[in-house]
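Here is the structure we will look at, set down as C-alpha cells.
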Amino acid sequence: MHKTRRKVRLGEAAGYILTLLIALTVIVPILWLLVSSFKTDVGVIKFPPRFFPEEWTLHQYLYVGDSIPVFEMTKNTVIFAGGVTVISLLFDSMAGYAFARMHFKGSKLLFSIILLTMMVPFQIIMTPLYIEVYKFNLLDTYLGLILPRATSAFGIYMMSSFFAGLPKSLEESGRIDGMSEFRIFRSIMLPLCKPALVSLGIYHFMNNWNDLLYPLMLTSSQSKRTLSAGLAVLVGNKVIKYGPTLAAAMISLTPLLLLYIFCQKYFIEGIAASGMKE
C-alpha cells in the first residue's frame, strides 16, 4: 500500500515537472519578446545576448508608430476579425444544427463535401477568390474582407459535433409545445452551446487576427490594411530593423494574449465538450 502511494506521488510529481517544462517553453519566448522590445538596436543584436536590457527605451514602439498608422490598422483588424467571428458563429451554428439534427436528402454528401474543403490549401483558391472579389468591386473594402469568410468548414464540423451530442428530448419537447424549428434552435439548443460558441469564436478571431496573406491580397491602401499586413510591409522594407520588428510583433500579440487569458476557461470547456460529444 505504501509503495503504491509512493508511485502515485512520484507520478504526480513527474506530471507537475513536465507541465512546468512545457509552460516554460511557451512563456519564456513571450517574455523574451516583451523585454527585447524595450531594448535599443544594439541591445537586441548584442552577443552574447542578455535577457534584461542594459537600457530601457520606448524608441522601438515610437518608430513603429511613426512608420505605419498603428491605431487605424488595429481598428481595421478589429472590424475584420470581429465581423468574421460574429457572422461565422451565426452561420456555422445554423449549418451545424441543420446537419446534426435535421435529416434531409443529400445531407451526408453535402457535409462530406464541406469537410473535404478543409484539405484544400488557400494558395489554390487565392487567384479565383481575388478575381471574384474584383468582379464584385469589393477589393480594398471591409465587406470584401469579411464576406468570403462568412462561414468555415471547421466551424460547421465543430458545431455539428456539439449539437449531435445533445439529447433529442430537448427538441421533441419544443415541437410538442408548437415551436418552429428556428425557435427550437434559438431558444433551446443554442444556449446550451455557449462553451462551443466561445471556443469557436476565439478560434475565428485569432485565426483572422493573425492572417497575413489573405488581407494583404485583398487590400491595397493603408486605410484598409490590417495590422498583420501593415507590420509585414514594415518588416519587409529593404533592411530588417530587429528592434521595431520585435515591438511590432508585441503590438500584434498583446490583444490575443488578453483575449485568451480572459476566455481560456470557455475555450478549454468547448474543446473538451466537442471532443467528448463527437
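We label chains A, B, ... in the order they appear in the C-alpha cells, count residues from 1 in each chain, and number ligands from 1 in the order shown.
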
Contacts of Ser221 (chain A) at 9 Å or less, counting only C-alpha atoms, minus same-chain residues fewer than 3 places along, as a PyMOL selection string? chain A and resi 140+224-225

Looking only at the backbone, which of the residues in region 8-117 of chain A does DSSP tag as helix (DSSP H, G or I), as a count of residues only? 86

Distance CA of Gly243 (chain A)-CA of Ile30 (chain A), one decimal place? 14.9 Å

Env of Phe122 (chain A): 12 Å cut, atoms = only C-alpha atoms, seq-sep filter 6 positions within chain, self excluded. Answer as a list in words. Pro128, Leu129, Tyr130, Arg149, Asp211, Leu212, Leu213, Tyr214 and Met217 of chain A

Which residue of A:Ser228, A:Gln123, A:Gln264, A:Ser93 approaches Thr74 (chain A) most closely, using only C-alpha atoms: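 For Thr74 (chain A), the nearest of the candidates is A:Ser228.
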
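Using only C-alpha atoms, the smallest distance between any of A:Arg50, A:Met94, A:Ile87, A:Ala150 and Arg186 (chain A) comes from A:Met94.
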
Tell me which protein, DNA and RNA residues are within 12 Å of Leu259 (chain A), counting only C-alpha atoms, leaving out same-chain ones fewer than 2 positions away, and put them as a PyMOL selection string. chain A and resi 198-199+201-203+205-206+209+253-257+261-267

Could you dump the residues just selected with C-alpha atoms as a tab-separated table (two decimals), in the first residue's frame?
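The resulting file, selection27.tsv, is reproduced below:
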chain	number	residue	atom	x	y	z
A	198	VAL	CA	-16.95	30.85	-27.19
A	199	SER	CA	-14.14	28.47	-28.13
A	201	GLY	CA	-15.27	32.46	-31.56
A	202	ILE	CA	-11.77	32.61	-30.06
A	203	TYR	CA	-10.52	30.35	-32.86
A	205	PHE	CA	-10.88	35.76	-34.02
A	206	MET	CA	-7.29	34.56	-33.51
A	209	TRP	CA	-6.28	38.49	-36.49
A	253	LEU	CA	0.33	39.64	-29.97
A	254	THR	CA	-0.96	41.56	-26.93
A	255	PRO	CA	-4.72	41.61	-27.80
A	256	LEU	CA	-4.70	37.85	-28.45
A	257	LEU	CA	-2.95	37.15	-25.14
A	261	ILE	CA	-6.35	34.88	-20.66
A	262	PHE	CA	-9.92	36.06	-20.04
A	263	CYS	CA	-11.64	33.40	-22.16
A	264	GLN	CA	-9.42	30.33	-21.66
A	265	LYS	CA	-11.98	28.67	-19.34
A	266	TYR	CA	-14.63	28.63	-22.08
A	267	PHE	CA	-12.08	27.70	-24.74

For a test of reading the model, state the distance in Å between CA of Ile79 (chain A) and CA of Tyr142 (chain A), rounded to one decimal.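 Pair CA of Ile79 (chain A) / CA of Tyr142 (chain A) returns 7.6 Å.
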
Excluding Phe163 (chain A) and residues on its chain fewer than 4 positions from it, collect all residues at most 7 Å away from it, counting only C-alpha atoms, and give them as a list in words. Tyr97, Ala100 and Met159 of chain A

Limited to C-alpha atoms, could you put the picked residues into a file as an mmCIF file, in the first residue's frame?
data_model
loop_
_atom_site.group_PDB
_atom_site.id
_atom_site.type_symbol
_atom_site.label_atom_id
_atom_site.label_comp_id
_atom_site.auth_asym_id
_atom_site.auth_seq_id
_atom_site.Cartn_x
_atom_site.Cartn_y
_atom_site.Cartn_z
ATOM 1 C CA TYR A 97 -27.601 22.354 -36.252
ATOM 2 C CA ALA A 100 -26.780 17.298 -36.822
ATOM 3 C CA MET A 159 -20.873 22.866 -34.059
#

List the spatial neighbours of Met250 (chain A) as a PyMOL selection string - criterion: any atom at most 10 Å away, only C-alpha atoms, same-chain residues fewer than 5 positions off excluded. chain A and resi 30+33-37+61+244-245+255

As a VMD selection string, please: the residues near Pro148 (chain A) (cut-off 10 Å, only C-alpha atoms, same-chain neighbours under 6 positions excluded). chain A and resid 84 129 132 to 133

Min atom-atom distance to Val233 (chain A) from the set A:Leu31, A:Leu216, A:Ile251, A:Phe111, counting only C-alpha atoms, belongs to A:Leu216

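Between CA of Leu147 (chain A) and CA of Thr117 (chain A) there is a distance of 17.2 Å.
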